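K.L.:
Here it is, the structure, as C-alpha cells.
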Amino acid sequence: MQSGRFTGELMTEIRKQNQVALRQRLLKARKSGELSKDIDLDDYTRYLSTIIAGLSIQAANGSTKAELKRTARMALRHLGY
C-alpha cells in the first residue's frame with residue numbers, strides 16, 4: 001500500500017511541476033504577443049493540463065500513436081491552431 005501512495009504522490013508532484021512550467025511558457029507567450037491578454041493564465045493552464053492528462057490516460061489505456069495524434073490535432077483545432 002505504501003508504494004502505491006508514494007507513486008500517487010510522485011505523479012501528483014510531476015503534474016504540478018508540469019503545470020508550473022506550462023504556465024511559465026504561457027506567460028512568455030503573452031509577453032511576446034503570442035497569447036491574448038484576455039486569456040486567464042491559470043484557467044488556460046488548467047485547461048491545457050487537462051487535455052495533456054487525458055492524452056496520457058488514453059495512451060495508458062492502449063490508444064495507438066495514430067489515435068493519439070488525431071486526438072491532439074482535434075484539440076489543437078478547437079484551440080484555434
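Each chain of the C-alpha cells is named A, B, ... in the order shown, its residues numbered from 1; ligands are numbered from 1 in display order.
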Need the shell around range 52-54 of chain A: protein/DNA/RNA residues with any atom at most 10 Å away, counting only C-alpha atoms. Skip same-chain ones fewer than 3 positions apart. Format as number ranges by chain?
P.N.:
A: 15, 46-49, 57-60, 71-72, 75
K.L.:
Which residues are close to Leu26 in chain A, i.e. within 9 Å by only C-alpha atoms, leaving aside same-chain residues fewer than 6 positions away? Reply as number ranges by chain.
P.N.:
A: 34-35, 41, 44-45
K.L.:
Store the residues picked out above in a file with C-alpha atoms, as a compact mmCIF listing (two decimals), in the first residue's frame.
P.N.:
```txt
# COMPACT_ATOMS: atom_id res chain seq x y z
CA GLU A 34 1.53 35.20 -28.99
CA LEU A 35 -1.24 34.87 -26.40
CA LEU A 41 -3.44 32.16 -17.48
CA TYR A 44 -5.83 28.20 -19.58
CA THR A 45 -3.04 26.30 -17.83
```
K.L.:
DSSP on the backbone, helix (DSSP H, G or I) only: what residues of chain A does that give? Format it as a short mmCIF file (atom, residue, chain, number, x, y, z; two decimals) with C-alpha atoms, in the first residue's frame.
P.N.:
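Writing done, so here's part.cif:
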```
data_model
loop_
_atom_site.label_atom_id
_atom_site.label_comp_id
_atom_site.auth_asym_id
_atom_site.auth_seq_id
_atom_site.Cartn_x
_atom_site.Cartn_y
_atom_site.Cartn_z
CA GLN A 2 2.84 2.41 0.81
CA SER A 3 4.40 2.14 -2.64
CA GLY A 4 1.04 2.91 -4.25
CA ARG A 5 0.65 6.02 -2.13
CA PHE A 6 4.21 7.09 -2.94
CA THR A 7 3.61 6.57 -6.65
CA GLY A 8 0.41 8.62 -6.50
CA GLU A 9 2.15 11.42 -4.63
CA LEU A 10 5.03 11.37 -7.10
CA MET A 11 2.68 11.57 -10.08
CA THR A 12 0.80 14.46 -8.45
CA GLU A 13 4.09 16.32 -7.90
CA ILE A 14 5.16 15.74 -11.51
CA ARG A 15 1.82 17.06 -12.79
CA LYS A 16 2.13 20.14 -10.58
CA GLN A 17 5.66 20.81 -11.85
CA ASN A 18 4.46 20.43 -15.43
CA GLN A 19 1.66 22.91 -14.77
CA VAL A 20 4.16 25.43 -13.40
CA ALA A 21 6.34 25.01 -16.49
CA LEU A 22 3.33 25.31 -18.79
CA ARG A 23 2.13 28.48 -17.05
CA GLN A 24 5.62 29.99 -17.36
CA ARG A 25 5.57 29.23 -21.09
CA LEU A 26 2.12 30.79 -21.45
CA LEU A 27 3.30 33.89 -19.59
CA LYS A 28 6.23 34.15 -22.00
CA ALA A 29 3.79 33.77 -24.92
CA ARG A 30 1.64 36.55 -23.51
CA LYS A 31 4.62 38.86 -23.10
CA SER A 32 5.70 38.26 -26.69
CA LEU A 41 -3.44 32.16 -17.48
CA ASP A 42 -4.46 29.97 -14.56
CA ASP A 43 -7.63 28.77 -16.28
CA TYR A 44 -5.83 28.20 -19.58
CA THR A 45 -3.04 26.30 -17.83
CA ARG A 46 -5.60 24.02 -16.15
CA TYR A 47 -7.40 23.55 -19.47
CA LEU A 48 -4.26 22.56 -21.35
CA SER A 49 -3.11 20.36 -18.46
CA THR A 50 -6.45 18.57 -18.59
CA ILE A 51 -6.04 17.88 -22.31
CA ILE A 52 -2.50 16.58 -21.73
CA ALA A 53 -3.63 14.39 -18.82
CA GLY A 54 -6.43 13.00 -20.95
CA LEU A 55 -3.99 12.06 -23.68
CA SER A 56 -1.81 10.35 -21.08
CA ILE A 57 -4.76 8.33 -19.83
CA GLN A 58 -5.71 7.35 -23.37
CA ALA A 59 -2.12 6.23 -24.02
CA ALA A 60 -2.09 4.18 -20.82
CA LYS A 65 0.10 6.62 -31.65
CA ALA A 66 -2.10 7.41 -34.66
CA GLU A 67 -5.19 7.72 -32.45
CA LEU A 68 -3.37 10.00 -30.03
CA LYS A 69 -2.13 12.20 -32.89
CA ARG A 70 -5.67 12.53 -34.26
CA THR A 71 -6.94 13.47 -30.82
CA ALA A 72 -4.15 16.02 -30.35
CA ARG A 73 -4.91 17.54 -33.77
CA MET A 74 -8.57 17.82 -32.84
CA ALA A 75 -7.67 19.55 -29.58
CA LEU A 76 -5.41 21.98 -31.43
CA ARG A 77 -8.18 22.79 -33.92
CA HIS A 78 -10.52 23.58 -31.04
#
```
